[in-house]
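Q: What follows is a single structure, and I will ask about it in a moment.
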Amino acid sequence: MRTSVVSPVFVGRRAELGVLDAAAARAREGHGGAVFLLGEAGIGKSRLGAEAAAGHGREGGRVVRGRAGSAPLRAVSEAVLAATRLAGTDLDPLGGFGPVLWRLVSDAAPAPDTPPDPPMVRAEAVLRLLGRCGRSEGCLLLLDDLHEADADTLAVVDYLVDNAAGEPVLVLGMLRPDPGPALATVTAAATRRAATVVELPPLDRQETALLAGRCVGAEVPAEVAELLARDAEGIPFIIEELIAAMVEDGSLLRDGDRWRATGDPRSGVPAPVTTAVLHRADRLGPGVTSFLQASAVLGRAFSLSTAAVTAGVTRAEALRCLRLATAARLTGPDAGEDPDRYAFRHALTADAMVAPLLPADRARLSATAAAAVEAGGGPQPPAGHDLRLAAELWAAADRPERAAACYARIGRQAVDRGAVATAVTYLERGLALAERTGKPELIADLLEARCGALVAAGDVVLVDALGDRLEALLTTLDAAPARRVTARLVRARAAAVEGDWERGLADVAAARRLAAVEPDQGERVALTAQLDAVAAFLCFGSTRPDRLPAARRHATAALDAAERTSLPRVACEALQVLVRCARNTDLPAAAGYAQRLLVLAGRHDLPYWRLLAAVEAATIERERSNDIGPLLAIRPDALDAGLVIAVAWIDFHLATAHLLRGDADEAQRCLARATEASERLRQPELQGVALAMAAAIAACRPDRAGMEGLLASLSQPEVFAHGAETWWHLRAICSWLEEEPGQVLEELAEADAAGLAAGHLRGTGHRSAYLFMRVARDLGGWAEYDELIGSPLAQMSSHRGLLAWSRAVLHGRDGQPAQAAEAVAAAFAAGTHTALNHHLAARVAAPRALAEGWGDPLAWLRDAEEFFHRSGRIRAGAACRALLREAGAGRQRRAGHDAVPPRLRRIGVTVREYDVLRLVAERLGNIEIAQRLFLSPRTVERHVGSLRQRTGQPDRAHLIAYARRELAG
């Protein structure tokens with residue numbers, strides 16, 4: 001029987017293992033985290049991780065494993081498969097995240113128009129699955145070889161690191177300290193204290209000798225220990241390999257219960273691992289070394305069938321060689337359930353096997369292996385993992401044409417799965433290889449695929465130059481018009497990502513000229529419908545004076561053509577643009593388009609568009625009434641479905657709604673969610689909107705310095721159809737809350753001038769505020785009011801209340817108190833969900849109402865004072881109190897004011913009067929009350945009289961009864 005040369009027990013690393021055990025214990029208690037083991041190849045990262053996982057399992061915890069490698073998202077896919085087996089295959093409890101997980105592990109191609117899963121949605125789906133696995137015992141996610149991870153895997157890891165703390169999930173990753181994206185990701189996580197990094201040093205001399213003794217079951221001779229300390233340099237893998245070589249070549253022999261060295265113990269110098277591995281392989285018999293070298297060309301993990309073809313041996317011979325190598329612990333079954341998959345015990349073992357190959361021999365083996373991998377052993381095309389391996393092998397065989405073709409297929413598959421960062425990387429490699437061939441058709445194919453991937457990734461800096469090259473090649477190739485139109489559409493969508501609407505529209509115009517010569521009538525109609533849909537979106541986002549009519553015209557044309565030719569997705573795109581156009585001019589019409597979109601999506605079973613239709617409808621209701629109920633209702637569904645951008649816009653709308661309600665803190669919480677999404681997606685449009693919304697929140701606090709700083713940080717003067725008119729409006733709101741009425745009017749005038757200069761309908765939020773302030777200062781009249789009340793703005797909640805207040809002031813000015821009171825009632829009804837505008841207007845209207853004798857301005861001022869005080873808007877609240885004092889409503893003290901019930905505050909009961917009322921309820925007389933409150937009896941008498949007047953009670957007895965009812969309620 002062969003002596004084991006692998007330590008059966010764990011040696012050393014007690015401090016590091018303690019860190020891992022503590023983190024796993026926290027995960028079992030529901031407080032997850034992330035730990036990364038960092039060390040060079042062979043240092044023992046995997047063994048330490050396995051030891052921690054075993055300890056976690058002994059405590060009842062669950063463990064799922066994944067190893068980064070050749071396929072995009074391989075580590076994540078393996079972990080998802082393992083987790084679903086632990087948790088059961090039913091993913092229904094995960095809602096919309098279930099399909100996301102299924103797409104991670106399935107090789108089935110998605111529907112052509114299925115949008116790729118955004119990286120954050122994919123990561124959140126994995127986090128929820130792991131949380132479900134560990135909900136009662138804690139889940140340890142073991143990720144090995146992260147230094148080989150692709151960009152999309154690292155994006156998932158980065159998200160898990162930032163969000164595991166709130167879940168019963170411990171992320172335990174292992175990687176080498178090689179410079180690259182993986183190390184950068186881990187370093188950044190450690191810097192922001194989201195993860196713990198444990199660097200594994202080499203074993204010291206004592207631990208090296210102990211490990212060697214554990215490998216052979218007894219202490220090794222001193223000279224062997226010295227050699228291991230010198231040549232192995234504390235690397236456990238090299239220690240084990242050198243010990244194995246010594247035992248097998250007889251230089252280390254068992255002598256009873258001891259070991260002794262015979263002659264000079266061999267060491268693998270200058271390449272100890274290579275020497276040890278090759279020596280062990282050679283001793284396994286004829287053919288084994290050549291088979292293992294052919295297998296190693298395929299990488300650390302390999303298919304037995306492919307290795308047999310590469311080596312030129314039968315499957316039976318391959319199995320014979322593999323059994324011998326496995327017995328010698330050079331290889332073993334790969335992780336997973338595929339019986340055809342095997343792996344070298346360490347990556348260094350595979351490297352050692354191919355090291356002595358001549359370049360010509362390695363190229364020959366690589367070409368044979370690449371052809372075998374592409375053949376796939378069946379009628380189905382190779383999966384992404386196999387395609388990547390085939391590409392690498394063709395490149396190693398110096399066959400750039402074959403390698404480039406594989407990379408093109410890999411890139412397109414990655415885009416379909418949503419792994420756009422990975423797609424960009426592989427298509428860049430493929431294009432470089434295609435350039436070496438000089439074949440224009442292949443180069444054009446890679447250029448087209450790379451441009452599409454860059455647009456999908458939002459990284460469009462290079463698309464213009466690449467697009468020029470692509471069009472030149474397509475012209476040289478005399479490509480079909482449809483293909484040239486598709487190339488132009490990619491450029492148009494890239495322009496939309498950049499916000500370069502005019503360039504995008506120019507690309508659409510060029511594509512139309514190409515589509516006009518398409519000989520196939522049906523193809524021409526379909527191309528035109530797509531072009532119109534893209535043109536509609538570009539026009540809507542542009543700054544053209546006719547942006548809305550043009551967008552509506554293109555969208556209508558796209559919709560008509562799509563309905564005639566059964567292109568439901570194009571029809572949905574067109575309807576969405578029509579919804580957004582109508583939201584600016586006619587909310588009922590917008591609601592009608594949203595309903596059509598909902599019906600169309602339901603008829604064609606398009607859940608993506610069905611949810612977007614519901615989002616559009618909820619947004620319309622928010623603008624109509626500022627009711628956030630529909631948005632809150634649809635948000636979980638959109639989140640579960642992975643509509644990350646739609647969820648970000650929902651959060652932006654919620655933030656706006658909360659600002660209008662006067663709740664800047666809740667608006668900030670909504671904005672934080674949207675900002676996180678915009679940063680993760682790296683969408684300039686969303687990032688600009690987030691900055692603008694942050695400036696709006698600062699204006700409404702008010703925080704002028706913060707507002708101006710945020711506005712100054714905007715990279716573009718306009719953000720999603722909002723420009724100078726909106727920024728001046730924000731300044732005016734800030735000045736309004738700072739009690740600077742003259743400045744308010746000046747800034748609103750600037751906003752109005754900027755809006756008129758824009759020449760088209762866009763950010764019009766200032767219009768009703770400007771009208772109201774002009775009317776309140778006797779600068780505006782009925783003509784201005786009639787113009788605005790007849791505009792689409794009157795349909796929107798943000799304007800209706802201020803329009804009603806303007807009407808009230810106009811009626812009051814005309815000596816019509818009854819009509820003014822009716823207008824105030826309308827303002828109160830409109831102000832239910834727009835408290836900030838309502839109370840700002842009430843504070844300005846109250847002095848006029850007091851002077852002109854209409855309405856109940858004291859009640860308005862008390863309500864406004866209460867609102868401004870509770871929301872921390874100090875100057876506005878102080879102004880309300882000053883007006884109340886000037887009106888003879890009594891001096892209102894803020895100290896202790898919150899103790900006065902709201903219904904008593906509203907009728908003007910002060911803090912001191914409330915103190916008196918509480919003692920009146922106890923049936924105390926004026927002298928007793930005076931003694932309790934350290935007041936004079938005359939002062940108490942005045943307070944009691946004021947209380948009777950405010951509460952409408954005819955005498956003290958009725959006041960006592962009233963006080964008892966109020967204090968009891």
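Simple scheme: letters A, B, ... for chains in structure tokens order, numbers from 1 for residues in each chain, numbers from 1 for ligands in the order shown.
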For range 15-126 of chain A versus range 187-193 of chain A, which residues have an atom no more than 10 Å away, and what is each residue's nearest atom pair and distance in Å rounded to one decimal, using only C-alpha atoms, chain-then-number order, as JSON lines?
A:
{"residue": "A:Ala34", "atom": "CA", "partner": "A:Ala189", "partner_atom": "CA", "distance": 9.1}
{"residue": "A:Val35", "atom": "CA", "partner": "A:Ala190", "partner_atom": "CA", "distance": 9.2}
{"residue": "A:Phe36", "atom": "CA", "partner": "A:Ala190", "partner_atom": "CA", "distance": 9.2}
Q: Output N, CA, C and O atoms for every residue in the selection just made, as a compact mmCIF listing (two decimals), in the first residue's frame.
A:
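What ended up in part-v2.txt:
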# COMPACT_ATOMS: atom_id res chain seq x y z
N ALA A 34 -17.48 39.18 5.19
CA ALA A 34 -16.61 38.68 4.13
C ALA A 34 -15.18 38.63 4.64
O ALA A 34 -14.72 39.55 5.31
N VAL A 35 -14.51 37.52 4.32
CA VAL A 35 -13.09 37.34 4.65
C VAL A 35 -12.40 36.82 3.40
O VAL A 35 -12.93 35.93 2.72
N PHE A 36 -11.23 37.37 3.10
CA PHE A 36 -10.46 36.90 1.95
C PHE A 36 -9.11 36.39 2.43
O PHE A 36 -8.42 37.06 3.21
Q: In Å to one decimal, how far is CA of Arg635 in chain A from CA of Pro116 in chain A?
A: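 Those two atoms sit 19.7 Å apart.
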Q: I'd like the neighbourhood of range 802-809 of chain A as a PyMOL selection string, where a residue qualifies if any of its atoms comes within 7 Å (using only C-alpha atoms), though same-chain residues fewer than 4 positions away should be ignored.
A: chain A and resi 768-769+772+775-776+813+820-821+823-824+826-827+837+841+845
Q: Just asking: which residues within range 740-811 of chain A are helix (DSSP H, G or I) according to DSSP, as a VMD selection string?
A: chain A and resid 741 to 758 767 to 776 782 to 789 792 to 795 797 to 811
Q: Within 8 Å of range 729-745 of chain A, counting only C-alpha atoms, which residues qualify if same-chain residues fewer than 4 places away don't, as a list in words?
A: Ala695, Ala696, Ala699, Cys700, Arg701, Pro702, Asp703, Arg704, Glu725, Ala749, Ala751, Gly765, His766, Tyr770, Met773, Arg774, Leu840, Arg873, Arg875, Ala876 and Ala879 of chain A
Q: Could you write those residues out with C-alpha atoms, as a PDB file, in the first residue's frame?
A:
ATOM      1  CA  ALA A 695     -29.597  69.748  -4.912  1.00  0.00           C
ATOM      2  CA  ALA A 696     -33.413  69.925  -4.685  1.00  0.00           C
ATOM      3  CA  ALA A 699     -32.821  73.643  -1.353  1.00  0.00           C
ATOM      4  CA  CYS A 700     -35.850  72.382   0.574  1.00  0.00           C
ATOM      5  CA  ARG A 701     -34.031  72.045   3.916  1.00  0.00           C
ATOM      6  CA  PRO A 702     -32.846  74.912   3.238  1.00  0.00           C
ATOM      7  CA  ASP A 703     -29.069  74.493   2.739  1.00  0.00           C
ATOM      8  CA  ARG A 704     -27.881  77.040   0.188  1.00  0.00           C
ATOM      9  CA  GLU A 725     -34.948  77.226 -15.290  1.00  0.00           C
ATOM     10  CA  ALA A 749     -37.939  85.688 -12.869  1.00  0.00           C
ATOM     11  CA  ALA A 751     -36.205  80.730 -13.994  1.00  0.00           C
ATOM     12  CA  GLY A 765     -42.025  73.572 -12.060  1.00  0.00           C
ATOM     13  CA  HIS A 766     -41.489  77.261 -11.365  1.00  0.00           C
ATOM     14  CA  TYR A 770     -43.817  82.643 -10.145  1.00  0.00           C
ATOM     15  CA  MET A 773     -45.428  85.517  -5.995  1.00  0.00           C
ATOM     16  CA  ARG A 774     -46.273  88.082  -8.690  1.00  0.00           C
ATOM     17  CA  LEU A 840     -45.185  78.447   1.899  1.00  0.00           C
ATOM     18  CA  ARG A 873     -37.213  75.061   8.762  1.00  0.00           C
ATOM     19  CA  ARG A 875     -36.698  80.935   9.662  1.00  0.00           C
ATOM     20  CA  ALA A 876     -40.046  80.185   8.067  1.00  0.00           C
ATOM     21  CA  ALA A 879     -41.744  84.334  10.496  1.00  0.00           C
TER      22      ALA A 879
END
Q: When you count only C-alpha atoms, which of these residues is closest to Ala53 in chain A: A:Gly138, A:Gly131, A:Gly30, A:Pro202?
A: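 The closest residue to Ala53 in chain A is A:Gly138.
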Q: Show me a table, sorted first by chain and then by increasing residue number, of the residues of range 388-480 of chain A having an atom at most 8 Å from range 57-73 of chain A, each with its shortest atom pair and the distance in Å to one decimal, counting only C-alpha atoms and written as JSON lines.
A:
{"residue": "A:Arg388", "atom": "CA", "partner": "A:Ser70", "partner_atom": "CA", "distance": 6.6}
{"residue": "A:Leu389", "atom": "CA", "partner": "A:Ser70", "partner_atom": "CA", "distance": 6.7}
{"residue": "A:Ala414", "atom": "CA", "partner": "A:Pro72", "partner_atom": "CA", "distance": 7.6}
{"residue": "A:Ala419", "atom": "CA", "partner": "A:Pro72", "partner_atom": "CA", "distance": 7.5}
{"residue": "A:Thr422", "atom": "CA", "partner": "A:Pro72", "partner_atom": "CA", "distance": 6.8}
Q: Please indicate the distance in Å from CA of Ala404 in chain A to CA of Arg450 in chain A, rounded to one decimal place.
A: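 Calculated distance between CA of Ala404 in chain A and CA of Arg450 in chain A is 12.0 Å.
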Q: Do you know which residues are at most 7 Å from range 434-440 of chain A counting only C-alpha atoms, after dropping those on the same chain fewer than 4 positions away, and could you put them as a PDB file with C-alpha atoms, in the first residue's frame?
A:
ATOM      1  CA  PRO A 400      -5.879  33.438 -34.801  1.00  0.00           C
ATOM      2  CA  GLU A 401      -8.809  33.035 -37.204  1.00  0.00           C
ATOM      3  CA  ALA A 404     -11.235  35.101 -33.047  1.00  0.00           C
ATOM      4  CA  GLY A 430     -11.112  38.445 -30.487  1.00  0.00           C
ATOM      5  CA  ALA A 444     -16.318  43.333 -39.278  1.00  0.00           C
ATOM      6  CA  LEU A 473     -15.487  47.423 -43.883  1.00  0.00           C
TER       7      LEU A 473
END
Q: Give me the residues within 12 Å of Leu850 in chain A as an mmCIF file with C-alpha atoms, in the first residue's frame, counting only C-alpha atoms and dropping any in the same chain fewer than 3 places off.
A:
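File produced: part22.cif:
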data_model
loop_
_atom_site.group_PDB
_atom_site.id
_atom_site.type_symbol
_atom_site.label_atom_id
_atom_site.label_comp_id
_atom_site.auth_asym_id
_atom_site.auth_seq_id
_atom_site.Cartn_x
_atom_site.Cartn_y
_atom_site.Cartn_z
ATOM 1 C CA VAL A 809 -55.328 86.371 -3.463
ATOM 2 C CA GLY A 812 -59.282 88.998 -1.989
ATOM 3 C CA ARG A 813 -57.653 91.873 -3.826
ATOM 4 C CA PRO A 817 -64.083 87.399 0.344
ATOM 5 C CA ALA A 842 -50.232 80.271 3.202
ATOM 6 C CA ARG A 843 -47.436 82.124 4.972
ATOM 7 C CA VAL A 844 -47.262 84.678 2.093
ATOM 8 C CA ALA A 845 -51.039 85.001 1.654
ATOM 9 C CA ALA A 846 -51.834 85.403 5.370
ATOM 10 C CA PRO A 847 -50.783 89.098 5.768
ATOM 11 C CA GLY A 853 -60.478 90.514 5.776
ATOM 12 C CA TRP A 854 -60.897 87.154 4.042
ATOM 13 C CA GLY A 855 -60.260 83.581 5.082
ATOM 14 C CA ASP A 856 -58.840 82.398 8.412
ATOM 15 C CA PRO A 857 -55.205 83.529 8.194
ATOM 16 C CA LEU A 858 -54.438 82.957 11.884
ATOM 17 C CA ALA A 859 -55.299 79.259 11.519
ATOM 18 C CA TRP A 860 -53.164 79.071 8.353
ATOM 19 C CA LEU A 861 -50.240 80.632 10.169
ATOM 20 C CA LEU A 883 -46.993 87.384 12.122
ATOM 21 C CA LEU A 884 -49.162 85.762 14.775
ATOM 22 C CA GLU A 886 -48.352 91.148 15.122
ATOM 23 C CA ALA A 887 -51.939 90.016 14.611
ATOM 24 C CA GLY A 888 -52.482 89.949 18.383
ATOM 25 C CA ALA A 889 -52.741 86.179 18.524
#
